[in-house]
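Visitor: My file is work.cif. It has mmCIF, C-alpha atoms and all ligand atoms:
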data_run
loop_
_atom_site.label_atom_id
_atom_site.label_comp_id
_atom_site.auth_asym_id
_atom_site.auth_seq_id
_atom_site.Cartn_x
_atom_site.Cartn_y
_atom_site.Cartn_z
CA VAL A 1 42.21 40.81 -10.44
CA VAL A 2 45.77 39.67 -9.86
CA PRO A 3 46.92 37.50 -12.80
CA ARG A 4 47.49 33.84 -11.95
CA GLU A 5 51.02 33.85 -13.36
CA ARG A 6 52.05 36.20 -10.57
CA LEU A 7 51.03 33.60 -7.99
CA THR A 8 53.89 31.18 -8.53
CA PRO A 9 54.30 28.57 -5.79
CA SER A 10 58.02 29.30 -5.50
CA GLN A 11 57.63 32.88 -4.36
CA PRO A 12 54.00 33.46 -3.54
CA PRO A 13 52.87 36.97 -2.65
CA PRO A 14 50.01 37.14 -0.14
CA LEU A 15 46.77 36.12 -1.80
CA ARG A 16 44.09 38.80 -1.88
CA VAL A 17 41.01 37.43 -0.15
CA VAL A 18 37.39 38.59 -0.05
CA ILE A 19 34.93 37.04 2.41
CA TRP A 20 31.26 36.87 1.35
CA GLY A 21 28.88 36.50 4.30
CA LEU A 22 29.83 37.63 7.80
CA GLY A 23 27.79 35.20 9.87
CA ALA A 24 29.37 32.92 12.45
CA MET A 25 31.60 31.19 9.88
CA GLY A 26 32.54 34.25 7.82
CA ARG A 27 33.68 36.08 10.96
CA LEU A 28 35.85 33.17 12.04
CA MET A 29 37.35 33.00 8.56
CA ALA A 30 38.11 36.72 8.75
CA ARG A 31 40.10 36.22 11.95
CA LEU A 32 42.09 33.38 10.43
CA VAL A 33 42.89 35.38 7.31
CA LEU A 34 43.95 38.39 9.41
CA ALA A 35 46.29 36.08 11.35
CA ASP A 36 47.90 34.72 8.19
CA PRO A 37 51.02 36.29 6.67
CA ASP A 38 50.35 34.53 3.36
CA LEU A 39 46.87 35.98 2.92
CA ARG A 40 45.61 39.54 2.77
CA LEU A 41 41.98 40.29 3.58
CA VAL A 42 40.98 43.03 1.14
CA GLY A 43 37.20 43.10 1.44
CA ALA A 44 34.01 41.68 2.86
CA VAL A 45 30.60 41.43 1.20
CA THR A 46 27.80 41.71 3.71
CA ARG A 47 24.18 42.78 3.92
CA GLN A 48 25.23 44.56 7.12
CA ALA A 49 27.18 47.17 5.12
CA GLY A 50 25.61 50.57 5.56
CA ALA A 51 22.97 49.31 8.02
CA SER A 52 22.14 51.94 10.60
CA GLY A 53 24.42 51.62 13.61
CA ALA A 54 26.62 49.03 11.85
CA PRO A 55 30.40 49.59 11.88
CA SER A 56 31.86 50.60 8.51
CA ASP A 57 34.93 48.45 8.99
CA LEU A 58 35.49 44.74 9.55
CA ALA A 59 37.63 45.31 12.63
CA GLY A 60 34.71 47.16 14.21
CA LEU A 61 32.42 44.25 13.47
CA LEU A 62 34.85 41.73 14.94
CA GLY A 63 35.72 43.94 17.90
CA LEU A 64 39.39 43.91 16.92
CA GLU A 65 41.92 46.60 17.77
CA PRO A 66 43.58 48.31 16.03
CA ALA A 67 41.25 48.84 13.10
CA ALA A 68 42.23 46.61 10.19
CA GLY A 69 40.96 49.07 7.56
CA ILE A 70 38.87 46.57 5.64
CA PRO A 71 35.61 48.09 4.41
CA LEU A 72 32.29 46.27 4.52
CA SER A 73 30.63 46.32 1.09
CA PRO A 74 27.04 45.60 0.09
CA SER A 75 28.03 43.86 -3.17
CA LEU A 76 30.94 41.98 -4.68
CA ASP A 77 31.43 44.65 -7.36
CA ARG A 78 31.72 47.34 -4.71
CA ALA A 79 34.14 45.26 -2.63
CA LEU A 80 36.39 44.64 -5.65
CA GLU A 81 36.25 48.27 -6.72
CA ARG A 82 37.36 49.39 -3.25
CA ALA A 83 39.99 46.64 -2.94
CA GLY A 84 41.43 47.18 -6.41
CA GLY A 85 41.17 43.46 -7.23
CA ALA A 86 41.35 40.13 -5.48
CA ASN A 87 42.18 36.48 -6.12
CA VAL A 88 39.77 34.38 -4.13
CA VAL A 89 36.40 34.55 -2.37
CA LEU A 90 35.71 32.60 0.81
CA HIS A 91 31.96 32.18 0.62
CA ALA A 92 29.63 31.51 3.60
CA THR A 93 26.06 32.60 2.93
CA GLY A 94 23.89 29.49 2.53
CA SER A 95 23.54 25.72 2.25
CA PHE A 96 21.89 24.87 -1.05
CA VAL A 97 23.22 25.00 -4.60
CA ALA A 98 20.12 26.82 -5.84
CA GLU A 99 20.50 29.61 -3.28
CA VAL A 100 24.25 30.20 -3.77
CA ALA A 101 24.76 29.50 -7.50
CA GLY A 102 24.09 33.12 -8.51
CA GLN A 103 26.63 34.42 -5.99
CA ILE A 104 29.24 31.91 -7.16
CA GLU A 105 28.58 32.86 -10.79
CA ALA A 106 29.15 36.51 -9.88
CA CYS A 107 32.55 35.56 -8.39
CA LEU A 108 33.53 33.65 -11.52
CA GLU A 109 32.36 36.48 -13.79
CA ALA A 110 34.56 38.81 -11.74
CA GLY A 111 37.57 36.55 -12.36
CA LEU A 112 37.85 35.05 -8.88
CA ASP A 113 38.34 31.56 -7.49
CA VAL A 114 35.86 30.40 -4.84
CA VAL A 115 35.91 28.24 -1.73
CA THR A 116 32.37 27.82 -0.44
CA ILE A 117 30.95 26.08 2.64
CA ALA A 118 27.45 25.64 1.19
CA GLU A 119 26.85 22.00 2.13
CA GLU A 120 25.40 20.95 -1.22
CA MET A 121 28.41 22.44 -3.04
CA ALA A 122 30.59 19.67 -1.57
CA PHE A 123 29.18 17.54 -4.40
CA PRO A 124 26.66 19.67 -6.29
CA TRP A 125 25.97 16.99 -8.91
CA ALA A 126 24.12 14.97 -6.23
CA GLN A 127 21.06 17.21 -6.05
CA SER A 128 21.46 19.90 -8.72
CA PRO A 129 23.20 18.36 -11.74
CA ASP A 130 22.05 21.07 -14.15
CA LEU A 131 23.28 23.94 -11.99
CA ALA A 132 26.51 22.04 -11.32
CA ALA A 133 27.09 21.62 -15.06
CA ARG A 134 26.43 25.35 -15.58
CA LEU A 135 28.87 26.35 -12.84
CA ASP A 136 31.49 23.97 -14.20
CA ARG A 137 31.10 25.37 -17.72
CA LEU A 138 31.38 28.97 -16.54
CA ALA A 139 34.38 28.18 -14.34
CA ARG A 140 36.23 26.56 -17.26
CA GLU A 141 35.31 29.39 -19.64
CA ARG A 142 36.65 31.94 -17.17
CA GLY A 143 39.68 29.86 -16.19
CA HIS A 144 38.76 29.81 -12.49
CA THR A 145 37.99 27.24 -9.83
CA VAL A 146 35.19 26.52 -7.37
CA VAL A 147 35.27 24.00 -4.56
CA GLY A 148 32.88 23.16 -1.72
CA THR A 149 34.22 22.24 1.69
CA GLY A 150 33.53 22.46 5.43
CA VAL A 151 33.71 20.21 8.45
CA ASN A 152 30.82 18.02 7.35
CA PRO A 153 30.28 17.69 4.49
CA GLY A 154 33.78 18.48 3.34
CA PHE A 155 35.95 16.72 5.85
CA VAL A 156 34.97 14.40 8.73
CA LEU A 157 32.54 12.03 7.01
CA ASP A 158 34.04 12.15 3.52
CA THR A 159 37.56 13.57 2.93
CA LEU A 160 38.93 11.97 6.11
CA VAL A 161 37.19 8.70 5.24
CA VAL A 162 38.72 8.75 1.76
CA LEU A 163 42.16 9.49 3.18
CA LEU A 164 41.92 6.42 5.43
CA THR A 165 41.01 4.18 2.52
CA ALA A 166 44.38 5.04 0.96
CA VAL A 167 46.12 2.53 3.24
CA THR A 168 43.83 -0.40 2.55
CA GLY A 169 44.23 -3.08 -0.08
CA HIS A 170 40.51 -3.32 -0.69
CA VAL A 171 37.45 -1.46 0.55
CA GLN A 172 34.22 -3.36 0.99
CA SER A 173 32.18 -0.71 2.79
CA VAL A 174 32.44 2.34 5.01
CA TYR A 175 30.70 3.33 8.23
CA GLY A 176 31.01 6.79 9.79
CA ARG A 177 29.41 8.45 12.79
CA ARG A 178 29.67 12.01 14.10
CA VAL A 179 28.21 12.52 17.57
CA ASN A 180 28.08 16.20 18.47
CA ASP A 181 26.65 18.70 20.92
CA LEU A 182 24.17 21.23 19.51
CA SER A 183 24.01 23.28 22.73
CA PRO A 184 26.08 26.28 21.48
CA TYR A 185 23.95 26.80 18.38
CA GLY A 186 21.13 29.30 17.92
CA PRO A 187 17.41 29.17 17.19
CA THR A 188 17.73 28.26 13.48
CA VAL A 189 19.67 25.10 14.23
CA MET A 190 17.30 24.16 17.08
CA ARG A 191 14.34 24.51 14.70
CA THR A 192 15.87 22.54 11.83
CA GLN A 193 16.86 19.72 14.23
CA GLY A 194 13.47 19.67 15.99
CA VAL A 195 14.97 20.32 19.45
CA GLY A 196 12.31 20.89 22.13
CA LEU A 197 9.40 19.41 20.13
CA ASP A 198 7.17 16.60 21.31
CA PRO A 199 7.77 13.39 19.33
CA ASP A 200 4.52 13.62 17.31
CA GLU A 201 5.27 17.19 16.23
CA PHE A 202 8.81 16.07 15.33
CA ALA A 203 7.37 13.38 13.03
CA ARG A 204 5.02 15.91 11.39
CA ARG A 205 7.86 18.35 10.79
CA VAL A 206 10.13 15.68 9.32
CA ALA A 207 7.27 14.83 6.95
CA ASP A 208 6.70 18.47 5.90
CA GLY A 209 10.45 19.10 5.55
CA THR A 210 10.87 21.72 8.29
CA VAL A 211 12.98 19.36 10.43
CA VAL A 212 15.84 18.50 8.08
CA GLY A 213 18.54 17.04 10.32
CA HIS A 214 21.96 17.20 8.70
CA VAL A 215 22.47 18.77 5.26
CA GLY A 216 25.16 16.98 3.29
CA PHE A 217 24.78 13.20 3.47
CA PRO A 218 24.12 12.56 -0.24
CA GLU A 219 27.11 14.79 -1.00
CA SER A 220 29.44 12.86 1.36
CA ILE A 221 28.22 9.51 0.05
CA HIS A 222 28.78 10.49 -3.59
CA LEU A 223 32.24 11.87 -2.76
CA ILE A 224 33.27 8.61 -1.08
CA ALA A 225 31.86 6.50 -3.91
CA ARG A 226 33.61 8.59 -6.55
CA ALA A 227 36.88 8.20 -4.67
CA LEU A 228 36.41 4.42 -4.49
CA GLY A 229 35.63 4.20 -8.19
CA VAL A 230 32.06 2.95 -7.93
CA LYS A 231 28.64 4.46 -8.60
CA VAL A 232 25.99 5.08 -5.96
CA THR A 233 22.67 3.86 -7.30
CA ARG A 234 20.47 4.79 -4.30
CA VAL A 235 20.69 6.98 -1.18
CA GLU A 236 18.24 6.38 1.69
CA GLU A 237 17.91 8.76 4.62
CA SER A 238 16.04 8.50 7.93
CA ARG A 239 15.52 11.04 10.70
CA GLU A 240 14.52 9.83 14.16
CA PRO A 241 13.97 11.87 17.33
CA ILE A 242 16.45 11.56 20.21
CA ILE A 243 14.01 11.67 23.13
CA SER A 244 15.38 12.96 26.39
CA THR A 245 14.77 11.17 29.69
CA VAL A 246 16.11 14.14 31.69
CA ARG A 247 15.71 17.93 31.68
CA ARG A 248 18.31 19.57 29.36
CA VAL A 249 18.88 23.33 29.46
CA THR A 250 20.67 25.46 26.84
CA PRO A 251 20.69 29.25 26.26
CA HIS A 252 18.07 28.86 23.51
CA VAL A 253 15.91 25.94 24.52
CA VAL A 254 14.84 23.82 27.49
CA VAL A 255 14.04 20.18 26.79
CA GLU A 256 11.79 18.43 29.30
CA PRO A 257 11.84 14.64 29.77
CA GLY A 258 9.83 12.96 27.01
CA TYR A 259 10.64 15.76 24.51
CA VAL A 260 13.09 15.84 21.62
CA ALA A 261 16.74 16.62 22.43
CA GLY A 262 17.88 16.24 18.84
CA CYS A 263 17.78 14.32 15.59
CA ARG A 264 19.44 11.02 14.71
CA HIS A 265 19.96 11.29 10.99
CA VAL A 266 21.19 8.20 9.14
CA ALA A 267 22.02 7.86 5.46
CA ARG A 268 22.84 4.76 3.44
CA GLY A 269 24.40 4.76 0.01
CA TRP A 270 23.94 1.65 -2.10
CA SER A 271 25.91 0.54 -5.09
CA GLY A 272 23.54 -2.01 -6.63
CA ASP A 273 22.90 -4.56 -3.85
CA LEU A 274 25.94 -3.51 -1.83
CA LEU A 275 25.54 -1.15 1.14
CA LEU A 276 28.67 0.83 0.35
CA VAL A 277 28.44 3.75 2.79
CA GLU A 278 26.50 4.15 6.03
CA LEU A 279 26.72 7.50 7.82
CA GLU A 280 25.13 8.47 11.10
CA HIS A 281 24.88 11.92 12.68
CA PRO A 282 23.04 12.03 16.01
CA GLN A 283 22.90 15.72 16.91
CA GLN A 284 21.49 16.76 20.27
CA VAL A 285 21.74 19.33 23.05
CA ARG A 286 23.59 18.45 26.25
CA PRO A 287 24.51 14.87 25.27
CA GLU A 288 26.49 14.52 28.51
CA ALA A 289 23.21 14.76 30.45
CA GLU A 290 22.60 11.12 29.51
CA GLY A 291 26.22 9.99 29.45
CA VAL A 292 26.67 10.34 25.68
CA GLU A 293 30.25 11.19 24.72
CA THR A 294 30.78 13.26 21.59
CA GLY A 295 33.27 12.20 18.94
CA ASP A 296 33.88 11.12 15.38
CA TYR A 297 34.12 7.46 14.44
CA ILE A 298 35.15 5.96 11.11
CA GLU A 299 35.31 2.31 10.21
CA ILE A 300 36.70 1.17 6.88
CA ARG A 301 35.61 -2.42 6.34
CA GLY A 302 37.88 -4.24 3.94
CA TRP A 303 41.36 -5.62 3.86
CA PRO A 304 42.40 -4.83 6.50
CA ASP A 305 39.64 -3.23 8.61
CA ILE A 306 40.62 0.22 9.89
CA THR A 307 39.01 2.10 12.76
CA VAL A 308 39.66 5.69 13.79
CA ARG A 309 37.92 7.64 16.51
CA THR A 310 38.21 11.13 18.00
CA GLY A 311 36.75 12.37 21.25
CA PRO A 312 35.34 14.93 21.77
CA GLU A 313 34.18 15.69 18.23
CA ILE A 314 36.38 17.80 15.96
CA PRO A 315 35.01 21.29 16.76
CA GLY A 316 32.79 22.16 13.80
CA GLY A 317 33.04 25.95 13.73
CA ILE A 318 36.81 26.27 13.81
CA ALA A 319 37.17 23.25 11.55
CA THR A 320 34.89 24.75 8.91
CA ALA A 321 36.54 28.16 8.95
CA ALA A 322 40.03 26.66 9.02
CA ILE A 323 39.62 24.26 6.12
CA THR A 324 38.08 27.04 4.04
CA VAL A 325 40.93 29.46 4.69
CA ASN A 326 43.47 26.66 4.30
CA LEU A 327 42.11 25.98 0.80
CA ALA A 328 42.49 29.59 -0.38
CA ARG A 329 45.86 28.94 -2.02
CA PRO A 330 45.19 25.39 -3.26
CA VAL A 331 42.04 26.55 -5.05
CA VAL A 332 43.89 29.41 -6.75
CA GLN A 333 46.57 26.96 -7.90
CA ALA A 334 44.09 24.27 -9.02
CA PRO A 335 43.01 23.70 -12.62
CA PRO A 336 39.84 25.55 -13.66
CA GLY A 337 36.38 24.07 -13.17
CA LEU A 338 33.94 23.00 -10.49
CA LEU A 339 36.06 20.70 -8.35
CA THR A 340 35.61 18.60 -5.21
CA MET A 341 37.86 17.91 -2.26
CA LEU A 342 39.04 14.85 -4.19
CA ASP A 343 40.58 17.05 -6.90
CA LEU A 344 42.77 19.18 -4.62
CA PRO A 345 46.11 18.27 -3.05
CA LEU A 346 46.09 16.78 0.46
CA PRO A 347 44.50 19.50 2.62
CA ARG A 348 46.70 20.89 5.38
CA GLY A 349 46.98 23.54 8.07
CA THR A 350 49.78 26.02 8.64
CA ALA A 351 52.23 26.82 11.42
CA ARG A 352 52.59 30.38 10.16
CA ARG A 353 49.49 32.08 11.59
CA ARG A 354 49.60 34.45 14.55
CA PRO A 355 47.61 32.60 17.24
CA GLU A 356 46.88 35.74 19.30
CA VAL A 357 44.21 36.81 16.77
CA LEU A 358 42.32 33.65 17.76
CA ARG A 359 42.90 33.84 21.51
CA ASP A 360 39.38 34.90 22.49
CA VAL A 361 37.59 32.59 20.03
CA ARG A 362 35.81 29.59 21.52
CA PRO A 363 36.21 26.52 19.27
N1 LIG B 1 29.97 22.52 5.02
C1 LIG B 1 29.96 22.64 6.34
O1 LIG B 1 30.50 21.82 7.06
C2 LIG B 1 29.31 23.84 6.99
C3 LIG B 1 29.69 24.17 8.29
C4 LIG B 1 29.12 25.31 8.86
C5 LIG B 1 28.17 26.05 8.16
N2 LIG B 1 27.79 25.65 6.92
C6 LIG B 1 26.78 26.41 6.19
O2 LIG B 1 27.35 27.64 5.81
C7 LIG B 1 26.39 28.68 5.89
C8 LIG B 1 26.91 29.79 6.78
O3 LIG B 1 27.05 29.28 8.10
P1 LIG B 1 27.04 30.27 9.36
O4 LIG B 1 27.13 29.43 10.56
O5 LIG B 1 28.02 31.35 9.14
O6 LIG B 1 25.56 30.86 9.25
P2 LIG B 1 25.01 32.24 9.83
O7 LIG B 1 25.70 32.61 11.09
O8 LIG B 1 23.54 32.10 9.82
O9 LIG B 1 25.48 33.31 8.73
C9 LIG B 1 25.07 33.27 7.41
C10 LIG B 1 25.39 34.61 6.78
O10 LIG B 1 25.15 34.52 5.38
C11 LIG B 1 24.74 35.78 4.88
N3 LIG B 1 23.47 35.60 4.19
C12 LIG B 1 22.38 34.97 4.64
N4 LIG B 1 21.41 34.99 3.70
C13 LIG B 1 21.92 35.63 2.65
C14 LIG B 1 21.42 35.98 1.36
N5 LIG B 1 20.19 35.64 0.98
N6 LIG B 1 22.23 36.65 0.53
C15 LIG B 1 23.47 37.00 0.88
N7 LIG B 1 23.98 36.69 2.09
C16 LIG B 1 23.23 36.02 2.94
C17 LIG B 1 24.58 36.70 6.08
O11 LIG B 1 25.80 37.40 6.18
P3 LIG B 1 25.78 39.00 6.20
O12 LIG B 1 24.90 39.34 7.38
O13 LIG B 1 27.19 39.36 6.39
O14 LIG B 1 25.20 39.44 4.90
C18 LIG B 1 24.51 35.75 7.26
O15 LIG B 1 24.99 36.34 8.43
C19 LIG B 1 25.09 28.04 6.42
O16 LIG B 1 24.23 27.76 5.34
C20 LIG B 1 25.58 26.76 7.06
O17 LIG B 1 24.60 25.75 7.07
C21 LIG B 1 28.37 24.58 6.31
#
Take the structure from the file and write it as structure tokens.
Ligand SMILES: NC(=O)c1ccc[n+]([C@@H]2O[C@H](COP(=O)([O-])OP(=O)(O)OC[C@H]3O[C@@H](n4cnc5c(N)ncnc54)[C@H](OP(=O)(O)O)[C@@H]3O)[C@@H](O)[C@H]2O)c1

Guide:
Amino acid sequence: VVPRERLTPSQPPPLRVVIWGLGAMGRLMARLVLADPDLRLVGAVTRQAGASGAPSDLAGLLGLEPAAGIPLSPSLDRALERAGGANVVLHATGSFVAEVAGQIEACLEAGLDVVTIAEEMAFPWAQSPDLAARLDRLARERGHTVVGTGVNPGFVLDTLVVLLTAVTGHVQSVYGRRVNDLSPYGPTVMRTQGVGLDPDEFARRVADGTVVGHVGFPESIHLIARALGVKVTRVEESREPIISTVRRVTPHVVVEPGYVAGCRHVARGWSGDLLLVELEHPQQVRPEAEGVETGDYIEIRGWPDITVRTGPEIPGGIATAAITVNLARPVVQAPPGLLTMLDLPLPRGTARRRPEVLRDVRP
């Protein structure tokens, strides 16, 4: 582990980065780190290490030439042993606090800071207060930092909202909507959004919890409320089917007219009798088939009202990988503990990366 005192902001050496989880997001993060002169990728933790037929090196896995010489390791201990120490882990293995807490604890025990994209880690106190308290305690004891981020939760419907409130005199309430296209995603996403089901089956699967819609609304609502200095007393969520009137075809699913093209997930956060935050995330395949334009929309209602919209939507994959890699240094320089996006300096990108490493990546 490289001591913190050697990482002075005035003359920072490249940070030594380990990526845990080489799924879609972890691989994108790896490319960004490899393109960054201020970061050095020293290891990757993956269940693919040692699998028969799997490459032994990250470059092989990413199809990059020449070989980058970064070994794939089956455990964090093994990755650190081979790397001879690291500063920070970029973590991308799951969504829920309960499933990732053990991995994050292992990082803290090993003396590392952590940026994770597990959705519930954006505000872990919302659903797992006991585990959050445990992680916070361990982080402080070890003098290291954990933060949860991502495109959403982590940025579009919380951090960006909070940033916009900075130029208002008073905030009464907040409305946000992210309209996106699910077409590029694989079978897991189709299943958890109910794409391709008939409406009755959709309703049954919402009831039994297998259609979940978006993961992260309570976290975004609590983040916004904390930023605004008020308490959320109740969060309500609803999940409705988006029923297609036309045939929609994607590589993983075909939706016939009358079947479900996606899930309109809405969440409302109340502070007493006041509807403080309303967030909407209609996610569907081929939205353009019915003239739906994708984009992000934020309305701050107060004095004055402020409205911001993007179109098409901020691309979720690149955005998630980028904000994670962009937080590597801020998290190392932050005070110890379990933090949120509200506790870090204004997040930012960099003009220093080599764009050719990203040339063949589709946003
Ligand atoms: N906050 C946000 O905005 C945001 C955005 C995108 C994704 N996410 C979340 O981040 C996670 C990763 O996203 P993704 O798109 O990269 O998913 P993915 O393509 O399914 O990859 C997940 C990877 O996690 C690792 N993994 C899975 N189960 C594991 C386990 N039990 N123990 C250890 N490692 C495990 C595997 O990597 P190896 O094969 O290398 O072991 C797997 O390839 C998902 O839970 C996703 O919902 C959050």

Visitor: Residues of chain A that have any atom at most 7 Å from an atom of ligand LIG 1 (chain B): could you tabulate them with the shortest-distance atom pair and the distance in Å to one decimal, using only C-alpha atoms and all ligand atoms, ordered by chain and increasing number, as a tab-separated table?

Guide:
residue	atom	partner	partner_atom	distance
A:Trp20	CA	B:LIG1	O13	6.9
A:Gly21	CA	B:LIG1	O11	3.7
A:Leu22	CA	B:LIG1	O13	3.5
A:Gly23	CA	B:LIG1	O9	3.2
A:Ala24	CA	B:LIG1	O5	3.9
A:Met25	CA	B:LIG1	O5	3.7
A:Gly26	CA	B:LIG1	O5	5.5
A:Val45	CA	B:LIG1	O13	6.5
A:Thr46	CA	B:LIG1	O13	3.6
A:Arg47	CA	B:LIG1	O14	3.6
A:Gln48	CA	B:LIG1	O12	5.2
A:Ala92	CA	B:LIG1	C8	4.5
A:Thr93	CA	B:LIG1	O10	3.2
A:Gly94	CA	B:LIG1	O16	3.3
A:Ser95	CA	B:LIG1	O16	3.8
A:Ile117	CA	B:LIG1	N1	4.4
A:Ala118	CA	B:LIG1	O2	5.0
A:Glu119	CA	B:LIG1	N1	4.3
A:Thr149	CA	B:LIG1	N1	5.4
A:Gly150	CA	B:LIG1	O1	3.5
A:Val151	CA	B:LIG1	O1	3.9
A:Asn152	CA	B:LIG1	O1	3.8
A:Pro153	CA	B:LIG1	N1	4.9
A:Gly154	CA	B:LIG1	N1	5.8
A:Gly316	CA	B:LIG1	C3	6.6
A:Gly317	CA	B:LIG1	C4	6.3
A:Thr320	CA	B:LIG1	C3	5.3

Visitor: Could you give me the centre and size, in Å to one decimal, of an axis-aligned box around all listed atoms of range 167-175 of chain A with 5 Å added on every side, as lines of an AutoDock Vina configuration file?

Guide:
center_x = 38.4
center_y = 0.0
center_z = 3.8
size_x = 25.4
size_y = 16.7
size_z = 18.9

Visitor: List the spatial neighbours of Pro37 in chain A as an mmCIF file with C-alpha atoms, keeping the file's coordinate frame - criterion: any atom at most 10 Å away, all atoms listed in the file, same-chain residues fewer than 4 positions off excluded.

Guide:
data_model
loop_
_atom_site.group_PDB
_atom_site.id
_atom_site.type_symbol
_atom_site.label_atom_id
_atom_site.label_comp_id
_atom_site.auth_asym_id
_atom_site.auth_seq_id
_atom_site.Cartn_x
_atom_site.Cartn_y
_atom_site.Cartn_z
ATOM 1 C CA PRO A 13 52.870 36.970 -2.650
ATOM 2 C CA PRO A 14 50.010 37.140 -0.140
ATOM 3 C CA LEU A 15 46.770 36.120 -1.800
ATOM 4 C CA VAL A 33 42.890 35.380 7.310
ATOM 5 C CA ARG A 352 52.590 30.380 10.160
ATOM 6 C CA ARG A 353 49.490 32.080 11.590
ATOM 7 C CA ARG A 354 49.600 34.450 14.550
#

Visitor: Taking (36.5, 53.2, 12.1) in the file's own coordinates, collect the residues within 10 Å, counting only C-alpha atoms, and hand them back as number ranges by chain.

Guide: A: 55-61, 66-71

Visitor: May I ask for the distance between CA of Val357 in chain A and CA of Asn326 in chain A, given in Å to one decimal place?

Guide: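 We find that CA of Val357 in chain A and CA of Asn326 in chain A lie 16.1 Å from each other.
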
Visitor: Which distance in Å separates CA of Arg268 in chain A and CA of His222 in chain A, to one decimal?

Guide: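 These atoms are spaced 10.8 Å apart.
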
Visitor: In Å, with one decimal, what is the gap from CA of Ala98 in chain A to CA of Asp136 in chain A?

Guide: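 So the answer is 14.4 Å.
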
Visitor: If we count only C-alpha atoms, what is near Asp198 in chain A at a cut-off of 9 Å, once residues fewer than 3 positions away on the same chain are taken out, given as a ChimeraX atom specification?

Guide: /A:194-195,201-203,243,258-260

Visitor: So that I have them on file, write out the residues from the current selection with C-alpha atoms, as a PDB file, in the frame of the given file.

Guide:
ATOM      1  CA  GLY A 194      13.470  19.670  15.990  1.00  0.00           C
ATOM      2  CA  VAL A 195      14.970  20.320  19.450  1.00  0.00           C
ATOM      3  CA  GLU A 201       5.270  17.190  16.230  1.00  0.00           C
ATOM      4  CA  PHE A 202       8.810  16.070  15.330  1.00  0.00           C
ATOM      5  CA  ALA A 203       7.370  13.380  13.030  1.00  0.00           C
ATOM      6  CA  ILE A 243      14.010  11.670  23.130  1.00  0.00           C
ATOM      7  CA  GLY A 258       9.830  12.960  27.010  1.00  0.00           C
ATOM      8  CA  TYR A 259      10.640  15.760  24.510  1.00  0.00           C
ATOM      9  CA  VAL A 260      13.090  15.840  21.620  1.00  0.00           C
TER      10      VAL A 260
END

Visitor: Set out as JSON lines a contact list for range 40-122 of chain A and range 336-351 of chain A with a cut-off of 12 Å, giving each residue of range 40-122 of chain A that qualifies its closest atom pair and distance in Å to one decimal, counting only C-alpha atoms, ordered by chain and rising residue number.

Guide:
{"residue": "A:Ala101", "atom": "CA", "partner": "A:Leu338", "partner_atom": "CA", "distance": 11.6}
{"residue": "A:Ile104", "atom": "CA", "partner": "A:Leu338", "partner_atom": "CA", "distance": 10.6}
{"residue": "A:Glu105", "atom": "CA", "partner": "A:Leu338", "partner_atom": "CA", "distance": 11.2}
{"residue": "A:Leu108", "atom": "CA", "partner": "A:Gly337", "partner_atom": "CA", "distance": 10.1}
{"residue": "A:Gly111", "atom": "CA", "partner": "A:Pro336", "partner_atom": "CA", "distance": 11.3}
{"residue": "A:Leu112", "atom": "CA", "partner": "A:Pro336", "partner_atom": "CA", "distance": 10.8}
{"residue": "A:Asp113", "atom": "CA", "partner": "A:Pro336", "partner_atom": "CA", "distance": 8.7}
{"residue": "A:Val114", "atom": "CA", "partner": "A:Leu338", "partner_atom": "CA", "distance": 9.5}
{"residue": "A:Val115", "atom": "CA", "partner": "A:Leu339", "partner_atom": "CA", "distance": 10.0}
{"residue": "A:Thr116", "atom": "CA", "partner": "A:Thr340", "partner_atom": "CA", "distance": 10.9}
{"residue": "A:Ile117", "atom": "CA", "partner": "A:Met341", "partner_atom": "CA", "distance": 11.8}
{"residue": "A:Glu119", "atom": "CA", "partner": "A:Thr340", "partner_atom": "CA", "distance": 11.9}
{"residue": "A:Glu120", "atom": "CA", "partner": "A:Thr340", "partner_atom": "CA", "distance": 11.2}
{"residue": "A:Met121", "atom": "CA", "partner": "A:Thr340", "partner_atom": "CA", "distance": 8.4}
{"residue": "A:Ala122", "atom": "CA", "partner": "A:Thr340", "partner_atom": "CA", "distance": 6.3}

Visitor: Could you give me, as JSON, numbers by chain, the residues within 9 Å of Leu62 in chain A, counting all atoms listed in the file and dropping anything in the same chain fewer than 6 positions from it?

Guide: {"A": [27, 30, 31]}

Visitor: Might you pull out every residue within 7 Å of Glu313 in chain A, with only C-alpha atoms counted and same-chain residues fewer than 4 positions away left off, and present them as a PyMOL selection string?

Guide: chain A and resi 179-180+294-296

Visitor: Counting all atoms listed in the file, which residue out of A:Val206, A:Val146, A:Met190, A:Ala54 sits closest to His91 in chain A?

Guide: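 For His91 in chain A, the nearest of the candidates is A:Val146.
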
Visitor: If we count all atoms listed in the file and set the cut-off at 12 Å, which residues sit around Arg247 in chain A, ignoring sequence neighbours fewer than 5 positions away in its own chain? Please answer as a PyMOL selection string.

Guide: chain A and resi 196+253-261+285-290
